[in-house]
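Raw upload39.cif, mmCIF, C-alpha atoms (C1' of nucleotides):
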```cif
data_query
loop_
_atom_site.label_atom_id
_atom_site.label_comp_id
_atom_site.auth_asym_id
_atom_site.auth_seq_id
_atom_site.Cartn_x
_atom_site.Cartn_y
_atom_site.Cartn_z
CA MET A 1 -55.05 59.11 0.13
CA LYS A 2 -52.90 61.49 2.16
CA ALA A 3 -52.04 65.04 1.12
CA LEU A 4 -48.50 66.14 0.36
CA ALA A 5 -48.13 68.17 3.55
CA ASP A 6 -49.13 65.24 5.74
CA ILE A 7 -46.66 62.93 4.09
CA LEU A 8 -43.84 65.44 4.38
CA ALA A 9 -44.66 66.15 8.03
CA GLU A 10 -44.68 62.45 8.77
CA LEU A 11 -41.29 61.94 7.14
CA SER A 12 -39.82 64.99 8.78
CA LYS A 13 -40.99 63.78 12.16
CA GLY A 14 -39.30 60.48 11.41
CA GLY A 15 -35.96 62.24 11.05
CA PHE A 16 -35.86 62.09 7.25
CA ARG A 17 -34.93 65.08 5.18
CA ILE A 18 -37.25 66.88 2.81
CA THR A 19 -35.07 67.21 -0.23
CA ARG A 20 -36.05 68.74 -3.54
CA ALA A 21 -36.06 65.33 -5.19
CA ARG A 22 -38.13 63.72 -2.45
CA ARG A 23 -40.72 66.47 -2.41
CA SER A 24 -41.06 66.52 -6.19
CA MET A 25 -41.30 62.78 -6.45
CA ILE A 26 -44.11 62.63 -3.93
CA GLU A 27 -45.85 65.50 -5.72
CA VAL A 28 -45.66 63.70 -9.04
CA LEU A 29 -46.90 60.47 -7.50
CA ILE A 30 -49.84 62.25 -5.89
CA GLY A 31 -50.61 64.14 -9.07
CA SER A 32 -50.42 61.10 -11.33
CA ARG A 33 -53.88 59.81 -12.14
CA LEU A 34 -52.45 56.42 -13.00
CA PRO A 35 -49.66 54.35 -11.52
CA ILE A 36 -46.39 55.69 -12.91
CA SER A 37 -43.16 53.88 -13.76
CA ALA A 38 -39.72 54.76 -12.40
CA GLU A 39 -38.75 55.95 -15.84
CA GLY A 40 -41.86 58.10 -16.13
CA LEU A 41 -41.19 59.59 -12.76
CA LEU A 42 -37.63 60.48 -13.71
CA ALA A 43 -38.79 62.04 -16.98
CA SER A 44 -41.33 64.07 -15.07
CA LEU A 45 -38.70 65.40 -12.68
CA ILE A 46 -36.33 66.31 -15.45
CA LYS A 47 -39.11 68.17 -17.25
CA GLN A 48 -39.65 70.19 -14.09
CA LYS A 49 -35.94 70.94 -13.96
CA VAL A 50 -35.55 69.00 -10.74
CA PRO A 51 -32.10 67.46 -10.87
CA ALA A 52 -32.56 63.74 -10.43
CA ASN A 53 -31.03 60.53 -11.43
CA LYS A 54 -32.39 57.04 -11.88
CA THR A 55 -30.51 55.75 -8.85
CA THR A 56 -32.19 58.39 -6.71
CA VAL A 57 -35.58 57.59 -8.16
CA TYR A 58 -35.25 53.87 -7.46
CA ARG A 59 -33.89 54.47 -3.99
CA GLU A 60 -36.63 56.91 -3.15
CA LEU A 61 -39.30 54.52 -4.40
CA THR A 62 -37.86 51.80 -2.17
CA PHE A 63 -37.88 54.23 0.73
CA LEU A 64 -41.50 55.24 0.13
CA LYS A 65 -42.55 51.63 -0.24
CA GLU A 66 -40.94 50.70 3.04
CA ARG A 67 -42.90 53.49 4.72
CA ARG A 68 -46.15 52.35 3.08
CA ILE A 69 -46.49 55.69 1.34
CA VAL A 70 -46.45 54.22 -2.12
CA GLN A 71 -47.21 50.76 -3.40
CA GLU A 72 -45.70 48.90 -6.27
CA ILE A 73 -47.90 47.50 -9.01
CA GLN A 74 -47.01 45.00 -11.67
CA PHE A 75 -49.37 44.93 -14.60
CA LEU A 76 -49.33 41.59 -16.31
CA HIS A 77 -49.07 43.01 -19.80
CA GLU A 78 -46.03 45.12 -18.94
CA ARG A 79 -42.50 44.40 -17.91
CA VAL A 80 -41.94 47.54 -15.85
CA LYS A 81 -43.21 48.18 -12.37
CA ARG A 82 -45.45 51.10 -11.56
CA TYR A 83 -46.03 53.01 -8.38
CA GLU A 84 -48.95 54.81 -6.83
CA VAL A 85 -49.65 56.53 -3.53
CA VAL A 86 -51.31 54.08 -1.17
CA PHE A 87 -55.05 54.55 -1.16
CA GLY A 88 -57.33 54.31 1.79
CA SER A 89 -59.33 51.65 0.03
CA HIS A 90 -58.01 48.64 -1.77
CA HIS A 91 -58.86 48.61 -5.45
CA HIS A 92 -58.22 46.86 -8.73
CA HIS A 93 -57.52 47.88 -12.28
CA LEU A 94 -59.24 47.73 -15.62
CA ILE A 95 -56.60 47.72 -18.32
CA CYS A 96 -57.62 48.66 -21.82
CA MET A 97 -55.84 46.59 -24.45
CA GLY A 98 -56.72 49.18 -27.04
CA CYS A 99 -55.44 52.48 -25.70
CA LYS A 100 -53.51 51.07 -22.70
CA SER A 101 -55.44 53.27 -20.31
CA VAL A 102 -56.00 52.10 -16.75
CA GLU A 103 -59.08 52.70 -14.63
CA ASP A 104 -59.66 51.82 -11.01
CA VAL A 105 -62.48 49.61 -9.75
CA GLU A 106 -63.47 48.72 -6.24
CA LEU A 107 -65.24 45.43 -5.80
CA ASP A 108 -64.07 43.90 -2.63
CA GLY A 109 -66.16 42.35 0.03
CA GLU A 110 -67.09 39.64 -2.43
CA LEU A 111 -63.56 38.49 -2.93
CA GLU A 112 -63.36 37.98 0.80
CA LYS A 113 -65.95 35.29 0.44
CA TYR A 114 -63.55 33.44 -1.88
CA GLU A 115 -60.80 33.92 0.61
CA ARG A 116 -62.85 32.35 3.38
CA ASP A 117 -63.70 29.43 1.10
CA ILE A 118 -60.04 28.92 0.27
CA MET A 119 -59.21 28.88 3.95
CA LYS A 120 -61.94 26.36 4.66
CA SER A 121 -61.30 23.99 1.78
CA ARG A 122 -57.50 24.19 1.51
CA GLY A 123 -56.21 25.49 4.81
CA PHE A 124 -54.51 28.31 2.88
CA LYS A 125 -54.63 31.65 4.72
CA VAL A 126 -54.96 34.47 2.20
CA LEU A 127 -53.22 37.65 3.32
CA ASN A 128 -53.37 39.65 0.13
CA HIS A 129 -54.51 39.37 -3.46
CA ALA A 130 -54.03 40.93 -6.84
CA LEU A 131 -56.72 41.16 -9.48
CA GLU A 132 -56.79 42.91 -12.78
CA PHE A 133 -59.13 42.87 -15.72
CA MET A 134 -57.94 43.19 -19.29
CA GLY A 135 -60.31 44.29 -22.00
CA LEU A 136 -61.59 47.23 -23.99
CA CYS A 137 -62.70 50.54 -22.54
CA GLU A 138 -65.84 52.34 -23.63
CA ALA A 139 -63.99 54.43 -26.21
CA CYS A 140 -62.07 51.50 -27.75
CA ARG A 141 -64.91 49.04 -28.15
CA MET B 1 -54.51 19.63 -20.54
CA LYS B 2 -53.31 17.91 -23.68
CA ALA B 3 -50.92 14.97 -23.77
CA LEU B 4 -47.48 15.16 -25.33
CA ALA B 5 -48.42 13.08 -28.35
CA ASP B 6 -51.39 15.29 -29.17
CA ILE B 7 -49.33 18.42 -29.03
CA LEU B 8 -46.58 16.95 -31.18
CA ALA B 9 -49.08 15.67 -33.73
CA GLU B 10 -50.71 19.07 -33.90
CA LEU B 11 -47.39 20.80 -34.48
CA SER B 12 -46.27 18.25 -37.02
CA LYS B 13 -49.48 18.70 -38.93
CA GLY B 14 -48.85 22.43 -38.91
CA GLY B 15 -45.57 21.89 -40.77
CA PHE B 16 -43.33 22.43 -37.76
CA ARG B 17 -40.47 20.14 -36.94
CA ILE B 18 -40.27 17.94 -33.90
CA THR B 19 -36.76 18.62 -32.72
CA ARG B 20 -35.08 17.20 -29.68
CA ALA B 21 -35.23 20.56 -27.93
CA ARG B 22 -38.88 21.13 -28.74
CA ARG B 23 -39.94 17.67 -27.61
CA SER B 24 -37.99 17.92 -24.38
CA MET B 25 -39.24 21.39 -23.59
CA ILE B 26 -42.85 20.35 -23.99
CA GLU B 27 -42.16 17.26 -21.87
CA VAL B 28 -40.68 19.35 -19.09
CA LEU B 29 -43.55 21.83 -19.25
CA ILE B 30 -46.11 19.03 -19.05
CA GLY B 31 -44.22 17.32 -16.25
CA SER B 32 -43.77 20.45 -14.19
CA ARG B 33 -46.31 20.61 -11.40
CA LEU B 34 -45.85 24.36 -11.15
CA PRO B 35 -45.26 27.06 -13.72
CA ILE B 36 -41.57 27.02 -14.65
CA SER B 37 -39.25 29.88 -15.61
CA ALA B 38 -37.18 30.03 -18.79
CA GLU B 39 -34.06 29.57 -16.72
CA GLY B 40 -35.54 26.57 -14.90
CA LEU B 41 -36.52 25.06 -18.20
CA LEU B 42 -33.03 25.49 -19.59
CA ALA B 43 -31.48 23.96 -16.47
CA SER B 44 -33.84 21.04 -16.76
CA LEU B 45 -32.83 20.41 -20.37
CA ILE B 46 -29.15 20.59 -19.62
CA LYS B 47 -29.57 18.12 -16.77
CA GLN B 48 -31.17 15.73 -19.24
CA LYS B 49 -28.22 16.24 -21.61
CA VAL B 50 -30.44 17.85 -24.19
CA PRO B 51 -28.28 20.42 -25.91
CA ALA B 52 -30.07 23.73 -25.57
CA ASN B 53 -29.37 27.36 -25.28
CA LYS B 54 -31.26 30.24 -23.73
CA THR B 55 -32.05 31.77 -27.10
CA THR B 56 -33.67 28.52 -28.17
CA VAL B 57 -35.62 28.30 -24.93
CA TYR B 58 -37.02 31.82 -25.27
CA ARG B 59 -37.79 31.35 -28.93
CA GLU B 60 -39.55 28.09 -28.29
CA LEU B 61 -41.59 29.59 -25.47
CA THR B 62 -42.68 32.38 -27.78
CA PHE B 63 -43.59 29.80 -30.39
CA LEU B 64 -45.61 27.73 -27.93
CA LYS B 65 -47.37 30.83 -26.60
CA GLU B 66 -48.37 31.90 -30.09
CA ARG B 67 -49.89 28.49 -30.63
CA ARG B 68 -51.75 28.66 -27.31
CA ILE B 69 -49.92 25.58 -26.09
CA VAL B 70 -48.35 27.31 -23.13
CA GLN B 71 -49.30 30.45 -21.29
CA GLU B 72 -47.09 32.96 -19.61
CA ILE B 73 -47.61 33.84 -15.98
CA GLN B 74 -46.20 36.75 -14.08
CA PHE B 75 -46.31 36.33 -10.35
CA LEU B 76 -46.37 39.67 -8.63
CA HIS B 77 -43.70 38.78 -6.11
CA GLU B 78 -41.22 37.69 -8.78
CA ARG B 79 -39.38 39.39 -11.56
CA VAL B 80 -39.15 36.41 -13.89
CA LYS B 81 -41.94 35.08 -16.05
CA ARG B 82 -43.14 31.52 -15.74
CA TYR B 83 -44.79 29.20 -18.20
CA GLU B 84 -47.31 26.40 -17.99
CA VAL B 85 -49.17 24.23 -20.44
CA VAL B 86 -52.58 25.74 -21.13
CA PHE B 87 -55.24 24.03 -19.09
CA GLY B 88 -58.70 23.20 -20.23
CA SER B 89 -60.11 25.26 -17.43
CA HIS B 90 -59.01 28.69 -16.40
CA HIS B 91 -57.58 28.83 -12.91
CA HIS B 92 -55.81 31.02 -10.42
CA HIS B 93 -52.93 30.65 -8.02
CA LEU B 94 -52.38 30.54 -4.30
CA ILE B 95 -48.86 31.69 -3.59
CA CYS B 96 -47.36 30.84 -0.23
CA MET B 97 -45.21 33.66 1.08
CA GLY B 98 -43.56 31.22 3.46
CA CYS B 99 -42.28 28.39 1.28
CA LYS B 100 -42.97 30.04 -2.13
CA SER B 101 -45.05 27.07 -3.20
CA VAL B 102 -47.86 27.63 -5.68
CA GLU B 103 -51.19 25.83 -5.74
CA ASP B 104 -53.98 26.10 -8.27
CA VAL B 105 -57.55 27.10 -7.48
CA GLU B 106 -60.59 27.27 -9.70
CA LEU B 107 -63.24 29.74 -8.73
CA ASP B 108 -64.62 31.21 -11.84
CA GLY B 109 -68.19 31.69 -12.70
CA GLU B 110 -68.45 34.14 -9.86
CA LEU B 111 -65.87 36.45 -11.31
CA GLU B 112 -67.98 36.61 -14.42
CA LYS B 113 -70.62 38.32 -12.38
CA TYR B 114 -68.13 41.09 -11.63
CA GLU B 115 -67.28 41.29 -15.28
CA ARG B 116 -70.91 41.79 -16.22
CA ASP B 117 -71.22 44.48 -13.56
CA ILE B 118 -68.15 46.25 -14.90
CA MET B 119 -69.62 46.18 -18.38
CA LYS B 120 -72.91 47.57 -17.16
CA SER B 121 -71.58 50.30 -14.91
CA ARG B 122 -68.50 51.41 -16.85
CA GLY B 123 -68.95 50.27 -20.39
CA PHE B 124 -65.64 48.38 -20.08
CA LYS B 125 -65.67 45.01 -21.87
CA VAL B 126 -63.58 42.50 -19.91
CA LEU B 127 -61.84 39.97 -22.15
CA ASN B 128 -59.50 38.38 -19.65
CA HIS B 129 -58.45 38.66 -16.05
CA ALA B 130 -55.66 37.72 -13.70
CA LEU B 131 -56.12 36.90 -10.06
CA GLU B 132 -53.71 35.60 -7.50
CA PHE B 133 -53.85 35.16 -3.78
CA MET B 134 -50.83 35.63 -1.55
CA GLY B 135 -50.73 34.09 1.89
CA LEU B 136 -49.62 31.11 3.91
CA CYS B 137 -50.17 27.50 3.00
CA GLU B 138 -51.35 24.90 5.46
CA ALA B 139 -47.81 23.82 6.33
CA CYS B 140 -46.46 27.34 6.82
CA ARG B 141 -49.21 28.76 9.00
"C1'" DC C 1 -31.60 6.06 -49.53
"C1'" DA C 2 -30.05 10.72 -51.05
"C1'" DT C 3 -30.70 15.32 -50.89
"C1'" DA C 4 -32.81 19.98 -51.20
"C1'" DT C 5 -35.51 23.03 -48.61
"C1'" DT C 6 -36.06 25.81 -44.87
"C1'" DA C 7 -37.25 25.41 -39.84
"C1'" DA C 8 -34.62 25.51 -35.88
"C1'" DT C 9 -30.36 26.44 -33.51
"C1'" DG C 10 -26.16 28.65 -31.27
"C1'" DC C 11 -23.26 32.32 -30.60
"C1'" DA C 12 -22.15 36.84 -29.42
"C1'" DA C 13 -23.52 41.20 -28.91
"C1'" DC C 14 -27.28 44.10 -27.36
"C1'" DT C 15 -31.29 46.06 -24.60
"C1'" DT C 16 -34.04 47.12 -20.68
"C1'" DA C 17 -34.99 47.51 -15.88
"C1'" DG C 18 -33.08 47.78 -11.87
"C1'" DT C 19 -28.97 47.58 -8.25
"C1'" DT C 20 -24.60 48.66 -5.81
"C1'" DG C 21 -20.20 50.87 -3.92
"C1'" DC C 22 -18.30 54.87 -2.96
"C1'" DA C 23 -17.03 59.54 -2.86
"C1'" DA C 24 -19.37 64.07 -2.94
"C1'" DT C 25 -23.23 67.02 -1.54
"C1'" DA C 26 -26.67 69.17 1.17
"C1'" DG C 27 -30.65 69.19 4.92
"C1'" DC C 28 -31.27 70.57 9.34
"C1'" DA C 29 -30.48 70.67 14.53
"C1'" DA C 30 -27.53 73.02 17.50
"C1'" DT D 1 -22.32 78.81 10.97
"C1'" DT D 2 -21.18 74.41 11.34
"C1'" DG D 3 -21.06 69.38 12.01
"C1'" DC D 4 -23.44 65.23 11.48
"C1'" DT D 5 -25.15 62.07 8.44
"C1'" DA D 6 -29.03 61.44 5.15
"C1'" DT D 7 -29.20 61.80 0.42
"C1'" DT D 8 -27.29 62.05 -4.11
"C1'" DG D 9 -24.74 61.07 -8.58
"C1'" DC D 10 -21.69 58.52 -11.17
"C1'" DA D 11 -20.12 54.57 -13.25
"C1'" DA D 12 -19.99 49.99 -13.32
"C1'" DC D 13 -22.73 45.87 -12.70
"C1'" DT D 14 -26.60 42.25 -12.82
"C1'" DA D 15 -30.64 39.78 -14.48
"C1'" DA D 16 -33.88 38.72 -17.88
"C1'" DG D 17 -34.77 38.66 -22.25
"C1'" DT D 18 -33.92 39.86 -27.51
"C1'" DT D 19 -31.74 40.10 -32.16
"C1'" DG D 20 -28.81 39.27 -36.46
"C1'" DC D 21 -26.63 36.08 -38.79
"C1'" DA D 22 -24.20 32.13 -40.13
"C1'" DT D 23 -24.78 27.08 -39.34
"C1'" DT D 24 -27.20 22.72 -38.55
"C1'" DA D 25 -30.67 19.35 -38.95
"C1'" DA D 26 -35.82 17.63 -39.68
"C1'" DT D 27 -38.42 16.07 -43.14
"C1'" DA D 28 -40.75 15.81 -47.76
"C1'" DT D 29 -39.81 14.21 -52.13
"C1'" DG D 30 -37.60 11.87 -55.85
#
```
In structure tokens, how does this file's structure come out?
Amino acid sequence: MKALADILAELSKGGFRITRARRSMIEVLIGSRLPISAEGLLASLIKQKVPANKTTVYRELTFLKERRIVQEIQFLHERVKRYEVVFGSHHHHLICMGCKSVEDVELDGELEKYERDIMKSRGFKVLNHALEFMGLCEACR
Amino acid sequence: MKALADILAELSKGGFRITRARRSMIEVLIGSRLPISAEGLLASLIKQKVPANKTTVYRELTFLKERRIVQEIQFLHERVKRYEVVFGSHHHHLICMGCKSVEDVELDGELEKYERDIMKSRGFKVLNHALEFMGLCEACR
DNA sequence: CATATTAATGCAACTTAGTTGCAATAGCAA
DNA sequence: TTGCTATTGCAACTAAGTTGCATTAATATG
């Protein structure tokens, strides 16, 4: 995952402006241990006295998605979308149905075997996948 | 997957009424090759001259979900929810990013290995999972 | 068959999550 | 310091789904 300064430098080089809202939003996204919703992000900005508005938040998230700086995540048990800074490595989530916490897991490599099988047996070329596990975390069991 | 008559008998036995809307909705769900949205379901009823209303559709879907007759599916590339009759066997979806078609795949058993690993290494008890593959179907490649 | 019970329905009004047009504001290169 | 234009904020809108309440209709029972 990239550091704040790198992201800002990259954007600046691209001719985009480093506004207070943009900087703070990226900071919050980097600092958030879990994927955060647009609403959560807005609340976080307001708490930090950064003037922001939901339109700005949504527009900035679209902007950051387009630049592959953040990625959008849809958990199946939720209706809202969440966002996280793009990681170097692809990963999945463990969602606790008790306390609603989310942990990351990495377990690729094996899934690619499935993807090759799907290609072979169906002629379907897999370009991406989404996998999440729902259950109970250590504390909630 | 159960047949219409079985489902209706089950509901009737449970003290629920077999109304025109309920019968038609279950018929459409059974007949739909792919998971269908609430809106699609409503359109389908209206086309068949079955008087129905979106409130009824949503309430009936909730009812059928509670009874484990249908299951709700959230595709990551869509904002609407879709519904399908619960299958005997758990399966996943191949979503074509070209033509938006959806195919089913079964590839469990192996995923359970992951789930055991997650339990062992993290203490997280997996109760359910969701997996979908995005890519290009044979025709769209 | 008649009819009472209450499950199911329809309407309208509401909520939540996100989007859009447009005028105002503010980064930043010069 | 200033001009260009990227970014912002507001208010109004859309899409998807939900809720309260009065009405209708499926069905068990006499």
Enumerate as a tab-separated table (two decimals) with C-alpha atoms, keeping the file's coordinate frame the residues belonging to chain B that approach chain C to within 9 Å, with only C-alpha atoms (C1' of nucleotides) taken into account.
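Written file, part_27.tsv:
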```
chain	number	residue	atom	x	y	z
B	16	PHE	CA	-43.33	22.43	-37.76
B	17	ARG	CA	-40.47	20.14	-36.94
B	19	THR	CA	-36.76	18.62	-32.72
B	52	ALA	CA	-30.07	23.73	-25.57
B	53	ASN	CA	-29.37	27.36	-25.28
B	55	THR	CA	-32.05	31.77	-27.10
B	56	THR	CA	-33.67	28.52	-28.17
```
Residue nearest chain B among D:DC13, D:DC4, D:DC21, D:DA26 (counting all atoms listed in the file)
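Among the listed residues, D:DA26 lies closest to chain B.
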Box for segment 90-105 of chain A - axis-aligned, 8 Å on each of the six sides, all listed atoms - centre and size in Å to one decimal, as JSON.
```
{"center_x": -58.0, "center_y": 49.9, "center_z": -14.4, "size_x": 25.0, "size_y": 22.7, "size_z": 41.3}
```
Step by step, work through what the PyMOL selection byres ((chain D) within 9 of (chain A)) selects in the shown file, and finish by giving those residues as an NGL selection string.
:D and (6-9)
Those same residues - C-alpha atoms (C1' of nucleotides) - I'd like them written as a compact mmCIF listing (two decimals), in the coordinates of the input.
```txt
# COMPACT_ATOMS: atom_id res chain seq x y z
C1' DA D 6 -29.03 61.44 5.15
C1' DT D 7 -29.20 61.80 0.42
C1' DT D 8 -27.29 62.05 -4.11
C1' DG D 9 -24.74 61.07 -8.58
```
Give as an NGL selection string every residue of chain A that touches chain B within 12 Å, counting all atoms listed in the file.
:A and (72-82 or 92-98 or 101-141)
Can you pull out the residues contacting segment 64-68 of chain A? Cut-off 9 Å, using all atoms listed in the file, and skip same-chain residues under 6 positions away; I want them as a PyMOL selection string.
chain A and resi 11+26+83+85-86
Atom C1' of DA12 of chain D and atom CA of Ala43 of chain B are how many Å apart?
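Going from atom C1' of DA12 of chain D over to atom CA of Ala43 of chain B covers 28.6 Å.
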Please compute the atom CA of His91 of chain A-atom CA of Ser44 of chain A distance, one decimal, in Å.
25.3 Å
Between atom CA of Ala5 of chain B and atom CA of Thr62 of chain B - distance in Å to one decimal:
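The value is 20.1 Å.
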May I have the residues within 12 Å of Asp6 of chain A as a PyMOL selection string, using all atoms listed in the file and disregarding those fewer than 6 positions away in the same chain?
chain A and resi 12-13+23+26-27+69
